[in-house]
Amino acid sequence: MDLYMMNCELLATCSALGYLEGDTYHKEPDCHETVKDLIRYLRREDETRDIRQQLGASQIIQTDLIPIIKQYHDDKPLFETIIRLLVNLTQPAIVCFGKVPKDKMFRHYFLDVVSYLQGYKVAFADEEVWTVLSRKLYELLQLDWESRQEEDSLLIERILLLVRNILHVPADPEEEKRTDDDASVHDQVLWAIHQSGFDDLLKFIASSDSEQQWCMHVLEIVSLMCREQTSEQLARAGQGRSAGEKAQDELELQAVRQRELADRQAKIRALGTRHSRFGGTFVVQGMKSISDKDLIYHQPLKEISQVSFDREKNPKRKPKNRQPMKDGDTTRRSTLSIRLFLKQFCEDFLENCYNGLMRTVKDNLVRMKTQDHDETYYLWAMRFFMEFNRVHNFRVDMVSETVSVRTFHFIETNLTNFYEMMLTDKDDITSWSRRMHLALKAYNELLMTVNAMDTSKDPAVRDSANVIKSNIFYVMEYREIFLTLLRKFDETKQPKTYLKDLVETTHVFIKMLERFCKTKGHIVVQKKRKKTKRRKRTAEQGAAGPPEPSEEDLNTVWDGLSGDLSTFIQGEGELPQDVAPFDATLDTPLEEQRVQAMISIQDSLRGGDPGRALATLRAAREVWPDGAFGSADISQEDEFMALREICFTALPRPAPEQSEENPEPEDEGGEAEEEEIPQFNMTEQDFNFQDYIKRFANPQMLKPYVRLMADYRTNSTHINHCIAKMLHRVAWDCKMEGLLFQISLFRIFQRLMEDPAGLSYSELTKFAKYVLGRFFGLVTRSAPSDGNGNIFPELLFWKGAKEAYEMTEGYGSYQDVRKKKRGGAEWSPDEQEELVQWYNRFKEEGGEVDIVDRIRQNFSDPNKNRQQIVAQLVFQGVVQDRSELKRKKRPRQSAIWREEEELELQELFDKNKHSDDPVGDIISEMTEKRSKKKVVEKLLALGLVSDRKDLYKKRRRKGSKKKDKEEDFMLDDEADMVGLEEGEPIPSDAEMDVQDSSDSDSDDEQSDESDGEEETVPTLLKRLQDEGLGDQLQWIASGLERTADDRETDESGESVPIVPLTEDSETAMEHRTFQKLLKTVGLAPPANEQESFWRIPGTLSAAELRKTADVITGKEAADDLPAKKQPSSRYKALKELAKKQGKEKKRGKPARQEEEEPSTASKSGKKRARQLDSSDEDDDESVTSGSSKRSRKDSSNNDMEESMAAEEEQDKPSEEGKVTKKALESDSDSDEDNVPLRQIAHARRRIESSDSEEDK
């Protein structure tokens, strides 16, 4: 900007500051006020930043402000004011304009401001200025917090901001023209900072606990100090190059030399041997020009193939939004003195400041105490200093604050957030892309640090690394992030340096994961399983209106309207006049209108109309002066708070009335619709490293690698190694070299083979020869008749796993292999023809029954499942898509019962009303299926039943029918005796009820199992392990161990339910073999319909539970389970007696031959004994019986003794009874006498009573 175009007032103000004479500056008397005027001018500048440009053009900082600071720094008011002005003038251009302008004029203004800032930075490369700033900052930091005033804290912050602004000014390489190992302007500023001692003050602030409020300023300044440096260069500054580095440099130099010689020779060959004076014009025979004559070519040619018509054409320009993004980061090598200074600074910072500062910064970030995007400085510091520590002198304790699983989570969360913002905030894609790149670098360095810990000599460090690795490998998000980033890479939004870092990070992660899998052998990882949950929305929920806003939303709304509301309350705004909270012409009651007025006020507030809300409140106050809307003399503050309370209160709103013209029919039960809510359940599974690598065998994953491989000349040796390793994993480890048969990759191989410096890329060259050899070998073996005639056109397209396999193995081979893996049988021609005939027939017939189901019912091979039939129909082309054969959803049932349905329901009820499960039997026979709830409600509505309880499913014990026939008690319990395993531990009353109820539900099943061969625990365990239920067995064992721990402290003896929380566990609990194992080890099934879960009985001790858990997990043999008690002679006698009487009954003989005509008293005695069967156990060891049960038991014992005595007068003990009595006497000391079964209890009391009768 020309000085003659400056504002006259502004120019006069600058002149009033003073003047510079030699090295001495003479200030004017009103210099202080003049500086304040300049600050006022800057406040009033327009969007073009004209005041800032004019002051920059006048070089006010170079000629006035810096000299004033040097000479008049003791004038505290003037010094503070000038610091304020400097902070304003030096703030970054991006802050002044908000973003880089796209408009041409504003872009010009933006560049002008940047050029002025670069001039300011040159002026600040003065050691004297930094000495003044250091002295002032030192004096302020010496003050205690008690004596430090607010102005002092403000001056500290402004000095730090000034330093930040100066270091933030971008470099101008074209203007500076500095090479590596030369001092740039930035280096000169850094050296001035170092000479003044300002860097020591920064380290003091970073390490001091009392100066934590300046942590973000310090971190930002440190990042700007080292922004042009790499941590590796700083760590190795001052050290001699190693032999490996020298050899690498020589190889690179040799490669460049060979490439240069090859290019020179190619140019010489292209010119030919003829002199240039005779090689300028050629006639191309056989190629016509615009006329009918031969083409005349005015260029030197050596071969006819060099004829080209594109030399003078303008190349096709790629649109700006499709061009690859350029990397804006620039790094250079500073002079040795600067690098040594920064190296020492980093060492001191790591040793004294890093952990404390990063802890404080992380806390501020989590608590949202920082500004937007301040997390980028945290990520940069983490990446830079951790890499410096790893390369220079690796010590984990120096960076322990950022080496944890929480840090992985923090970076992963920010990385995902940056990517999402890059997709949504399209106006600022570049900034979000750079932040995402920075997070990726931090993630890479964190992995490198953990990898370095794994090779440490300290076992504690190695153990810590294993803990971190086990956590990050277990969580699914940490494994999936690289797959996602590779799949979503876009060169128009992310620079090539980002892709290089991504490839390197992926390589490090896979290498660590592979080593971890080889070391551990077997690892378990987390897997997310999607489960769709259907939620029914009722009509009441649909009519409830919009949901109530959250408190956070209401706070946001209130913050936006509170200012306008205060203006209206104070009478400064005009309120609307068309407000009527009460309408006398309506039939609505007065109370309802008052509620509507309150809702109207709330809607106005939440809708952003505070004026109407206030007018409605005041009008309602006049209509209802009872105080509901405030008193007549309410103050402004109370009125403001009353409106706030109305805004935040959840008022009850009436449901919207349904239109009478279009009434919506109610669905049954008030159901309106079903919502599918996706839910994700976390499960565990065994990790297979090879399967994980196969996920990279995908075109979307390989395209970034091939794109990066095209720049193999500019890539580092390590990047080329990472590319070759990943492609080698796909081609060799996964046996999918067909994925790499792509023409773009072959073109890169061709360039690589023809490169004169190809020896420098031996790894890539070796891999290229392998892939090309496999391809040409395939071409040699294949023939057009084999279906592989399209192998060359296939090179033009990227292929998936299926296409690649068919390309190498033959077309159609993929389906054959897939069919074999699924176990599908081959289809013979006759079966194929039969399938088509059945399909055409059923399709012509139509009907509501599914076609595939009808085909399965009539097909000759019953082993063909639905999936095989559908696949074969699609394969033959009978149907075009699988969706045509999907089962049709049943139409929604009407809520109205038709007359014929009611008649059918009455007939079915009369038929099944005496069954054990009347409702279940009715539903099974109904033509139109309805829910159990609807059937019960309809039965009640028709008056067929008066109480719901009459329809409950009846639970009956085994042998109840035999009791009704008043047979012998041994025959009553014969089925129990037969179903009981010999030597089984005697259960308590509660467990006996569980056993009875479970027996009643599955009588035939258990009888079959009892008659068959008994399976042992090892057999069941092996079968379940083979079926893939090992994780569920581990879950049961861990539950038993937890229950054992609880029972050591709590001996209440209560049973514990086994609740499956995952889908896999729930499936296992329904498995027949799994249930058999649970029952075998002593766990109890659900007792009745009211119970849903298996239970751990309360009679099992902690030691028994632990032994059972060890057997299930395989730590102990099954012999270590609590031994089942061997059957005593008493038990055998009772069982034999029961079996014998059961056989006699089947032959039609009486139960007792001695009792041909039993007396009435005996019969009544037997009947009473059977009636008391459910409550007459005299079991002292039972811990589950209630107090009411005990009272009933005491009252029934006397009656039972009387009935038994009457019975024994008529019944003399038979021979079987004597044998049984002897068995009981010989075995009276056995452990089974403590907790007898019902059957043994009956037998014992009966025999003992008969024995006592004989003694009498």
# chains A, B, ... in the order shown; residues from 1 in each chain; ligands from 1
call {"tool": "residues_around", "arguments": {"residues": "Leu78 in chain A", "least_positions_apart": "2", "cutoff": "12 Å", "atoms": "only C-alpha atoms", "output": "ChimeraX atom specification"}}
result
/A:17,27,29-36,65,68-76,80-85
call {"tool": "residues_around", "arguments": {"residues": "Phe741 in chain A", "least_positions_apart": "4", "cutoff": "9 Å", "atoms": "only C-alpha atoms", "output": "list in words"}}
result
Glu737, Leu745, Phe746, Val771, Leu772, Phe775, Glu794, Leu795, Leu796, Phe797, Trp798, Lys799 and Ala804 of chain A
call {"tool": "closest_residue", "arguments": {"among": "A:Leu643, A:Ala1109, A:Leu944, A:Leu415", "to": "Arg435 in chain A", "atoms": "only C-alpha atoms"}}
result
A:Leu415
call {"tool": "atom_distance", "arguments": {"atom1": "CA of Arg462 in chain A", "atom2": "CA of Arg395 in chain A"}}
result
12.7 Å
call {"tool": "select_by_dssp", "arguments": {"residues": "range 224-364 of chain A", "states": "helix (DSSP H, G or I)", "output": "MDAnalysis selection string"}}
result
chainID A and resid 224:225 231:235 243:271 276:278 304:306 320:322 336:352 354:364
call {"tool": "closest_residue", "arguments": {"among": "A:Lys527, A:Ser289, A:Asn790, A:Asn352", "to": "Gln685 in chain A", "atoms": "only C-alpha atoms"}}
result
A:Lys527
call {"tool": "atom_distance", "arguments": {"atom1": "CA of Tyr297 in chain A", "atom2": "CA of Arg317 in chain A"}}
result
27.1 Å
call {"tool": "residues_around", "arguments": {"residues": "Ser782 in chain A", "least_positions_apart": "6", "cutoff": "12 Å", "atoms": "only C-alpha atoms", "output": "list in words"}}
result
Phe775, Phe776, Asn788, Gly789, Asn790, Ile791, Phe792, Met807, Thr808, Glu809, Gly810 and Tyr811 of chain A
call {"tool": "residues_around", "arguments": {"residues": "range 188-200 of chain A", "least_positions_apart": "4", "cutoff": "7 Å", "atoms": "only C-alpha atoms", "output": "PyMOL selection string"}}
result
chain A and resi 124-127+130-131+134+183-184+204+338
call {"tool": "select_by_dssp", "arguments": {"residues": "range 267-475 of chain A", "states": "strand (DSSP E or B)", "output": "number ranges by chain"}}
result
A: 282-288, 294-297
call {"tool": "residues_around", "arguments": {"residues": "Arg644 in chain A", "least_positions_apart": "4", "cutoff": "8 Å", "atoms": "only C-alpha atoms", "output": "JSON, numbers by chain"}}
result
{"A": [558, 640, 648]}
call {"tool": "write_last_selection", "arguments": {"atoms": "all heavy atoms", "output": "tab-separated table (two decimals), in the first residue's frame"}}
result
chain	number	residue	atom	x	y	z
A	558	TRP	N	-32.82	-20.81	25.98
A	558	TRP	CA	-32.97	-19.71	26.95
A	558	TRP	C	-31.83	-18.70	26.82
A	558	TRP	O	-32.05	-17.49	26.94
A	558	TRP	CB	-33.03	-20.28	28.36
A	558	TRP	CG	-33.26	-19.20	29.39
A	558	TRP	CD1	-32.34	-18.69	30.25
A	558	TRP	CD2	-34.47	-18.52	29.65
A	558	TRP	NE1	-32.91	-17.74	31.03
A	558	TRP	CE2	-34.23	-17.59	30.69
A	558	TRP	CE3	-35.76	-18.59	29.12
A	558	TRP	CZ2	-35.21	-16.76	31.19
A	558	TRP	CZ3	-36.74	-17.75	29.62
A	558	TRP	CH2	-36.46	-16.85	30.63
A	640	PHE	N	-39.26	-12.24	35.17
A	640	PHE	CA	-38.25	-12.91	34.35
A	640	PHE	C	-38.06	-14.36	34.80
A	640	PHE	O	-38.02	-15.29	33.98
A	640	PHE	CB	-36.94	-12.13	34.45
A	640	PHE	CG	-35.83	-12.69	33.61
A	640	PHE	CD1	-35.71	-12.34	32.27
A	640	PHE	CD2	-34.90	-13.57	34.15
A	640	PHE	CE1	-34.68	-12.86	31.49
A	640	PHE	CE2	-33.87	-14.09	33.38
A	640	PHE	CZ	-33.76	-13.74	32.04
A	648	PHE	N	-38.82	-24.06	31.29
A	648	PHE	CA	-38.10	-25.28	31.64
A	648	PHE	C	-39.02	-26.36	32.21
A	648	PHE	O	-38.58	-27.49	32.39
A	648	PHE	CB	-37.00	-24.97	32.65
A	648	PHE	CG	-35.76	-24.38	32.05
A	648	PHE	CD1	-35.69	-23.04	31.76
A	648	PHE	CD2	-34.68	-25.18	31.73
A	648	PHE	CE1	-34.55	-22.49	31.19
A	648	PHE	CE2	-33.54	-24.65	31.16
A	648	PHE	CZ	-33.48	-23.29	30.89
call {"tool": "decode", "arguments": {"residues": "range 287-305 of chain A", "atoms": "N, CA, C and O atoms", "output": "compact mmCIF listing (two decimals), in the first residue's frame"}}
result
# COMPACT_ATOMS: atom_id res chain seq x y z
N MET A 287 0.25 -42.64 -45.19
CA MET A 287 -0.56 -41.89 -44.24
C MET A 287 -0.95 -40.58 -44.92
O MET A 287 -0.08 -39.74 -45.23
N LYS A 288 -2.24 -40.42 -45.20
CA LYS A 288 -2.71 -39.27 -45.94
C LYS A 288 -2.88 -38.08 -45.00
O LYS A 288 -3.26 -38.22 -43.84
N SER A 289 -2.60 -36.91 -45.57
CA SER A 289 -2.83 -35.67 -44.84
C SER A 289 -4.25 -35.19 -45.09
O SER A 289 -5.10 -35.98 -45.50
N ILE A 290 -4.50 -33.89 -44.87
CA ILE A 290 -5.85 -33.37 -45.11
C ILE A 290 -6.20 -33.51 -46.58
O ILE A 290 -7.34 -33.81 -46.93
N SER A 291 -5.21 -33.31 -47.42
CA SER A 291 -5.42 -33.53 -48.85
C SER A 291 -5.16 -35.00 -49.17
O SER A 291 -5.00 -35.83 -48.28
N ASP A 292 -5.12 -35.30 -50.43
CA ASP A 292 -4.91 -36.69 -50.85
C ASP A 292 -3.44 -37.06 -50.91
O ASP A 292 -3.10 -38.21 -51.23
N LYS A 293 -2.55 -36.12 -50.59
CA LYS A 293 -1.13 -36.40 -50.65
C LYS A 293 -0.65 -37.03 -49.34
O LYS A 293 -1.36 -37.00 -48.33
N ASP A 294 0.57 -37.55 -49.38
CA ASP A 294 1.15 -38.16 -48.18
C ASP A 294 1.46 -37.08 -47.15
O ASP A 294 1.70 -35.90 -47.50
N LEU A 295 1.47 -37.54 -45.92
CA LEU A 295 1.70 -36.62 -44.81
C LEU A 295 3.16 -36.18 -44.78
O LEU A 295 4.07 -36.98 -44.95
N ILE A 296 3.36 -34.86 -44.57
CA ILE A 296 4.70 -34.30 -44.41
C ILE A 296 4.89 -33.97 -42.94
O ILE A 296 4.11 -33.19 -42.37
N TYR A 297 5.90 -34.55 -42.31
CA TYR A 297 6.15 -34.42 -40.87
C TYR A 297 7.40 -33.59 -40.67
O TYR A 297 8.48 -33.94 -41.15
N HIS A 298 7.29 -32.45 -39.97
CA HIS A 298 8.39 -31.49 -39.80
C HIS A 298 9.06 -31.66 -38.44
O HIS A 298 9.25 -30.70 -37.71
N GLN A 299 9.42 -32.87 -38.08
CA GLN A 299 10.13 -33.13 -36.82
C GLN A 299 11.15 -34.23 -37.06
O GLN A 299 10.94 -35.12 -37.91
N PRO A 300 12.28 -34.19 -36.34
CA PRO A 300 13.26 -35.28 -36.51
C PRO A 300 12.71 -36.59 -35.97
O PRO A 300 12.15 -36.64 -34.88
N LEU A 301 12.85 -37.63 -36.77
CA LEU A 301 12.34 -38.95 -36.41
C LEU A 301 13.43 -39.99 -36.55
O LEU A 301 14.30 -39.89 -37.42
N LYS A 302 13.36 -40.96 -35.69
CA LYS A 302 14.23 -42.11 -35.83
C LYS A 302 13.43 -43.35 -36.21
O LYS A 302 13.89 -44.21 -36.95
N GLU A 303 12.20 -43.44 -35.72
CA GLU A 303 11.32 -44.56 -36.04
C GLU A 303 9.95 -43.98 -36.37
O GLU A 303 9.57 -42.91 -35.92
N ILE A 304 9.22 -44.74 -37.17
CA ILE A 304 7.91 -44.29 -37.59
C ILE A 304 6.93 -44.24 -36.41
O ILE A 304 5.96 -43.50 -36.41
N SER A 305 7.20 -45.04 -35.35
CA SER A 305 6.31 -45.04 -34.18
C SER A 305 6.38 -43.74 -33.40
O SER A 305 5.52 -43.49 -32.55
